[in-house]
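Engineer: For reference, this is input.txt, and it has compact mmCIF, C-alpha atoms.
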# COMPACT_ATOMS: atom_id res chain seq x y z
CA MET A 59 -48.92 -16.17 -26.78
CA ASN A 60 -46.11 -13.91 -25.66
CA LEU A 61 -43.17 -16.08 -24.56
CA PRO A 62 -41.18 -16.18 -27.82
CA ALA A 63 -38.72 -18.83 -26.66
CA THR A 64 -41.41 -21.49 -26.18
CA ALA A 65 -44.86 -20.17 -27.18
CA ILE A 66 -44.90 -21.94 -30.54
CA GLU A 67 -44.45 -25.28 -28.75
CA PHE A 68 -47.81 -24.83 -27.01
CA LEU A 69 -49.81 -24.52 -30.22
CA ASP A 70 -50.79 -28.17 -29.90
CA ALA A 71 -53.19 -27.01 -27.18
CA TYR A 72 -55.46 -25.73 -29.96
CA ARG A 73 -56.03 -29.24 -31.34
CA GLY A 74 -59.66 -30.03 -30.64
CA VAL A 75 -60.02 -26.97 -28.41
CA LEU A 76 -63.53 -26.16 -29.72
CA ALA A 77 -64.75 -29.75 -30.04
CA PRO A 78 -66.44 -29.82 -26.60
CA LEU A 79 -68.37 -26.63 -27.40
CA LYS A 80 -69.65 -27.96 -30.71
CA GLU A 81 -70.62 -31.27 -29.12
CA LYS A 82 -72.44 -29.57 -26.24
CA ASP A 83 -74.24 -26.89 -28.26
CA PRO A 84 -73.84 -27.16 -32.05
CA ALA A 85 -76.17 -24.23 -32.69
CA ALA A 86 -74.21 -21.90 -30.41
CA PHE A 87 -70.97 -23.02 -32.01
CA GLU A 88 -72.19 -22.30 -35.53
CA GLU A 89 -73.62 -18.96 -34.46
CA VAL A 90 -70.20 -17.81 -33.30
CA TYR A 91 -67.80 -19.67 -35.61
CA GLU A 92 -69.76 -20.40 -38.81
CA ASP A 93 -68.22 -17.54 -40.80
CA ARG A 94 -64.90 -16.90 -39.10
CA MET A 95 -62.59 -18.74 -36.72
CA PRO A 96 -60.51 -16.99 -34.02
CA MET A 97 -57.14 -15.40 -34.73
CA VAL A 98 -54.06 -16.65 -32.89
CA HIS A 99 -51.05 -14.37 -32.34
CA CYS A 100 -47.87 -16.23 -31.42
CA TYR A 101 -44.42 -14.72 -30.81
CA ALA A 102 -41.37 -16.75 -31.79
CA PHE A 103 -37.68 -16.51 -32.59
CA THR A 104 -36.09 -17.46 -35.89
CA ARG A 105 -32.54 -17.59 -37.22
CA GLU A 106 -33.77 -16.75 -40.71
CA LEU A 107 -32.94 -13.14 -41.59
CA ASP A 108 -34.68 -13.08 -44.97
CA VAL A 109 -38.37 -12.20 -44.52
CA SER A 110 -39.70 -14.94 -46.81
CA SER A 111 -37.42 -17.56 -45.26
CA ALA A 112 -38.43 -16.44 -41.77
CA GLY A 113 -42.09 -16.80 -42.70
CA ALA A 114 -41.52 -20.27 -44.11
CA ASP A 115 -39.66 -21.31 -40.94
CA LEU A 116 -42.37 -19.99 -38.62
CA ARG A 117 -45.14 -21.52 -40.69
CA LYS A 118 -43.46 -24.94 -40.79
CA ARG A 119 -42.91 -25.02 -37.03
CA ALA A 120 -46.42 -23.80 -36.26
CA GLU A 121 -47.96 -26.45 -38.51
CA GLU A 122 -45.87 -29.16 -36.85
CA TYR A 123 -47.31 -28.35 -33.42
CA LEU A 124 -50.82 -27.68 -34.70
CA GLY A 125 -50.82 -30.98 -36.57
CA GLY A 126 -52.32 -29.52 -39.73
CA ALA A 127 -51.95 -26.92 -42.47
CA LEU A 128 -52.50 -23.20 -42.00
CA GLY A 129 -54.39 -21.04 -44.48
CA ILE A 130 -53.12 -18.73 -47.18
CA ASP A 131 -50.25 -16.33 -46.50
CA GLY A 132 -51.41 -12.74 -46.67
CA GLU A 133 -55.04 -13.71 -46.02
CA ASP A 134 -55.21 -16.16 -43.12
CA VAL A 135 -51.55 -15.99 -42.07
CA HIS A 136 -49.42 -12.89 -41.42
CA TYR A 137 -45.84 -12.40 -40.18
CA HIS A 138 -44.78 -9.30 -38.26
CA LEU A 139 -41.13 -8.56 -37.54
CA VAL A 140 -40.97 -7.34 -33.96
CA ARG A 141 -37.25 -6.69 -33.53
CA ASP A 142 -33.74 -8.03 -33.86
CA VAL A 143 -32.62 -9.71 -30.65
CA ALA A 144 -29.11 -10.79 -31.73
CA PRO A 145 -26.92 -10.53 -34.85
CA HIS A 146 -28.49 -13.70 -36.27
CA LYS A 147 -31.81 -13.92 -34.46
CA ARG A 148 -35.09 -12.10 -34.91
CA MET A 149 -38.37 -12.05 -33.04
CA TYR A 150 -41.53 -12.33 -35.09
CA CYS A 151 -45.23 -12.54 -34.40
CA ILE A 152 -47.04 -15.07 -36.57
CA SER A 153 -50.76 -14.33 -36.70
CA PHE A 154 -53.11 -16.89 -38.19
CA ARG A 155 -56.74 -17.79 -38.30
CA LEU A 156 -57.19 -21.07 -36.46
CA PRO A 157 -58.15 -23.72 -39.02
CA ARG A 158 -61.58 -25.18 -38.34
CA ASP A 159 -60.50 -28.82 -38.69
CA ILE A 160 -57.69 -28.35 -36.17
CA ALA A 161 -59.93 -26.55 -33.68
CA LEU A 162 -62.39 -29.43 -33.90
CA GLY A 163 -59.73 -32.12 -33.63
CA VAL A 164 -60.50 -33.53 -37.05
CA LYS A 165 -56.79 -34.04 -37.78
CA GLY A 166 -54.19 -35.85 -35.72
CA GLY A 167 -56.40 -37.20 -32.95
CA LEU A 168 -54.18 -35.62 -30.30
CA ASN A 169 -57.10 -34.08 -28.45
CA GLN A 170 -58.47 -37.53 -27.63
CA THR A 171 -55.02 -38.62 -26.47
CA ARG A 172 -54.57 -35.56 -24.26
CA MET A 173 -58.00 -36.06 -22.67
CA ALA A 174 -57.50 -39.75 -21.97
CA SER A 175 -56.46 -40.93 -18.52
CA SER A 176 -52.75 -41.62 -18.15
CA THR A 177 -53.67 -45.11 -16.97
CA ASP A 178 -55.74 -45.92 -20.07
CA ALA A 179 -54.28 -48.53 -22.38
CA VAL A 180 -53.51 -47.31 -25.90
CA SER A 181 -55.01 -49.43 -28.62
CA PRO A 182 -52.50 -50.64 -31.25
CA SER A 183 -54.93 -49.40 -33.89
CA ALA A 184 -55.15 -45.90 -32.39
CA PRO A 185 -54.19 -43.12 -34.83
CA LEU A 186 -50.52 -42.17 -34.58
CA GLU A 187 -50.56 -39.08 -36.76
CA GLY A 188 -51.09 -36.82 -33.79
CA VAL A 189 -47.76 -37.69 -32.18
CA LYS A 190 -45.59 -37.52 -35.28
CA ALA A 191 -45.05 -33.76 -35.34
CA PRO A 192 -44.13 -33.27 -31.64
CA LEU A 193 -42.01 -36.43 -31.69
CA ALA A 194 -40.09 -35.21 -34.74
CA ALA A 195 -39.60 -31.80 -33.15
CA ALA A 196 -38.33 -33.35 -29.91
CA SER A 197 -35.98 -35.64 -31.83
CA ARG A 198 -34.50 -32.73 -33.74
CA SER A 199 -34.17 -30.69 -30.57
CA LEU A 200 -32.43 -33.42 -28.59
CA SER A 201 -30.37 -35.12 -31.30
CA THR A 202 -26.69 -35.05 -30.36
CA PRO A 203 -23.78 -36.56 -32.28
CA GLU A 204 -22.25 -39.56 -30.51
CA SER A 205 -18.81 -37.93 -30.52
CA GLU A 206 -20.23 -34.99 -28.58
CA LEU A 207 -21.86 -37.28 -26.04
CA LYS A 208 -18.52 -39.02 -25.54
CA ARG A 209 -16.86 -35.67 -24.94
CA TRP A 210 -19.52 -34.72 -22.39
CA LYS A 211 -19.12 -38.08 -20.69
CA ARG A 212 -15.37 -37.61 -20.46
CA ILE A 213 -15.81 -34.15 -18.92
CA PHE A 214 -18.43 -35.43 -16.49
CA ASP A 215 -16.36 -38.41 -15.36
CA SER A 216 -13.21 -36.35 -14.87
CA ASN A 217 -15.00 -33.93 -12.54
CA ALA A 218 -17.68 -36.07 -10.85
CA LYS A 219 -17.46 -37.24 -7.25
CA ASP A 220 -18.78 -40.33 -5.49
CA PHE A 221 -21.91 -39.87 -3.40
CA SER A 222 -23.38 -43.04 -1.89
CA GLY A 223 -21.90 -45.14 -4.66
CA GLN A 224 -23.14 -42.88 -7.48
CA ARG A 225 -21.25 -40.30 -9.53
CA TYR A 226 -22.48 -36.70 -9.33
CA LEU A 227 -21.26 -33.16 -9.82
CA ASP A 228 -21.60 -30.86 -6.85
CA ARG A 229 -21.57 -27.10 -7.34
CA GLU A 230 -17.79 -26.71 -7.45
CA SER A 231 -17.12 -29.70 -9.68
CA PHE A 232 -19.95 -28.62 -12.02
CA ILE A 233 -18.35 -25.21 -12.44
CA SER A 234 -14.99 -26.85 -13.12
CA ALA A 235 -16.66 -29.06 -15.74
CA ILE A 236 -18.31 -26.28 -17.72
CA ALA A 237 -15.85 -23.41 -17.32
CA SER A 238 -12.35 -23.28 -18.76
CA GLN A 239 -9.53 -21.62 -16.86
CA GLY A 240 -9.67 -18.77 -19.35
CA ASP A 241 -13.34 -18.21 -18.58
CA LEU A 242 -12.72 -18.33 -14.85
CA SER A 243 -10.09 -15.63 -15.17
CA ARG A 244 -12.71 -13.31 -16.68
CA ILE A 245 -15.93 -14.45 -15.00
CA ASP A 246 -16.22 -15.18 -11.29
CA ARG A 247 -17.30 -18.64 -10.13
CA GLU A 248 -20.44 -17.23 -8.53
CA SER A 249 -21.75 -16.31 -11.97
CA PHE A 250 -21.28 -19.87 -13.18
CA GLY A 251 -23.09 -21.00 -10.05
CA VAL A 252 -26.28 -19.62 -11.58
CA LEU A 253 -26.02 -22.31 -14.27
CA PHE A 254 -25.66 -24.98 -11.59
CA ARG A 255 -29.08 -24.00 -10.24
CA VAL A 256 -30.51 -24.57 -13.72
CA ALA A 257 -28.81 -27.97 -14.17
CA ASP A 258 -29.76 -29.14 -10.66
CA THR A 259 -33.37 -29.88 -11.57
CA SER A 260 -33.97 -32.08 -8.52
CA ARG A 261 -32.82 -29.28 -6.16
CA ARG A 262 -30.67 -31.70 -4.19
CA GLY A 263 -27.38 -29.89 -4.73
CA LEU A 264 -26.12 -32.57 -7.13
CA VAL A 265 -26.11 -32.97 -10.91
CA SER A 266 -26.34 -36.48 -12.34
CA TRP A 267 -25.08 -37.62 -15.74
CA ASP A 268 -28.62 -37.37 -17.09
CA ASP A 269 -28.95 -33.85 -15.69
CA PHE A 270 -25.64 -32.91 -17.29
CA THR A 271 -26.62 -34.15 -20.76
CA VAL A 272 -29.93 -32.29 -20.56
CA PHE A 273 -28.08 -29.12 -19.57
CA GLU A 274 -25.51 -29.46 -22.36
CA THR A 275 -28.28 -30.12 -24.88
CA LEU A 276 -30.08 -27.02 -23.64
CA LEU A 277 -26.99 -24.93 -24.37
CA LYS A 278 -27.18 -25.97 -28.03
CA ARG A 279 -30.62 -24.41 -28.51
CA PRO A 280 -30.63 -21.11 -30.45
CA ASP A 281 -32.81 -19.64 -27.67
CA ALA A 282 -30.74 -21.11 -24.84
CA GLU A 283 -30.46 -17.87 -22.89
CA TYR A 284 -34.25 -17.57 -22.65
CA TRP A 285 -34.68 -21.21 -21.64
CA ILE A 286 -32.03 -20.81 -18.94
CA ALA A 287 -33.66 -17.63 -17.62
CA PHE A 288 -37.06 -19.37 -17.58
CA GLN A 289 -35.70 -22.39 -15.72
CA TYR A 290 -33.78 -20.20 -13.27
CA PHE A 291 -36.81 -18.18 -12.19
CA ASP A 292 -39.31 -21.07 -12.38
CA GLU A 293 -38.66 -22.34 -8.87
When written as structure tokens, how does the structure in this file appear?

Structural biologist:
Amino acid sequence: MNLPATAIEFLDAYRGVLAPLKEKDPAAFEEVYEDRMPMVHCYAFTRELDVSSAGADLRKRAEEYLGGALGIDGEDVHYHLVRDVAPHKRMYCISFRLPRDIALGVKGGLNQTRMASSTDAVSPSAPLEGVKAPLAAASRSLSTPESELKRWKRIFDSNAKDFSGQRYLDRESFISAIASQGDLSRIDRESFGVLFRVADTSRRGLVSWDDFTVFETLLKRPDAEYWIAFQYFDE
């Protein structure tokens, strides 16, 4: 898994990944996986510069998305420092043996949820453990102080224009909203236009208030530059 900005967020795909194989052919499953489960190698960024703290950070985040505990550090789990990518950011590779209970979907129940039809009703008694980790991660990622939201709203309203009775930012007003005069004296407007393409998720040439808050929240991520590059080229 070699996209360090987001790879760790896809670890939930391993929940229950081997359950269909075991159900279809238990003997074949045991023949292959009785003694040893597969190794997973996942690249990720961390702000922790101390090796032990970096390992703890990577382990915690991996377990959140996996929905269960990893094995023993040094035996089932290893951390490899790849390189420094910024003064306070490092890229690591966390390598771990996929826990059997996670691969079989024993914990969390997310594999059943992912396989269910989007139109299926969810029973009130259905297990909720499987959604706790991704929900907590999303909440942390998107949490924004109210004072900051008010400031964004003030900036949006002061630059937005009316289009068919709705308020939007076009390319020029978006640049005016995100770039100070000092920035514009050093960086040409065309460069800021690249960010407009990222914020304009609907590709209609307009940025709504919702689009603007998503964009501003994106800028707060420690790996924002990689997310922006991914969004820019993913067209």

Engineer: Using all atoms listed in the file, find the one residue out of A:Val272, A:Phe250, A:Arg94, A:Arg105 that sits nearest to A:Ala237.

Structural biologist: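 Smallest distance to A:Ala237 is found for A:Phe250.
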
Engineer: Record the distance separating atom CA of A:Ala65 and atom CA of A:Glu81, expressed in Å with one decimal.

Structural biologist: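 We find that atom CA of A:Ala65 and atom CA of A:Glu81 lie 28.1 Å from each other.
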
Engineer: For A:Asp220, which of A:Arg117, A:Val265, A:Pro157, A:Ala102 is the closest residue, counting only C-alpha atoms?

Structural biologist: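 Of A:Arg117, A:Val265, A:Pro157, A:Ala102, the one nearest A:Asp220 is A:Val265, counting only C-alpha atoms.
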
Engineer: With distances taken over only C-alpha atoms, which residue among A:Ser205, A:Ser110, A:Asn217, A:Asn60 lies nearest A:Ser153?

Structural biologist: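 Looking only at the distances to A:Ser153, the closest residue turns out to be A:Asn60.
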
Engineer: Kindly give the distance, in Å, that separates atom CA of A:Val256 and atom CA of A:Glu67, rounded to a single decimal.

Structural biologist: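 Atom CA of A:Glu67 lies 20.5 Å from atom CA of A:Val256.
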
Engineer: Can you work out the spacing between atom CA of A:Asp268 and atom CA of A:Phe68 in Å, to one decimal?

Structural biologist: 25.0 Å

Engineer: Which residue, A:Ser266, A:Thr259, A:Ser216, A:Ser249, has the smallest gap to A:Asp228 when you use only C-alpha atoms?

Structural biologist: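 Among the listed residues, the smallest separation from A:Asp228 belongs to A:Ser266.
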
Engineer: For each of A:Arg155, A:Arg255, A:Arg141, A:Lys208, take the minimum atom-to-atom distance to A:Trp267, counting all atoms listed in the file, then give the residue where this is smallest.

Structural biologist: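 Going through A:Arg155, A:Arg255, A:Arg141, A:Lys208 one by one, the smallest distance to A:Trp267 is for A:Lys208.
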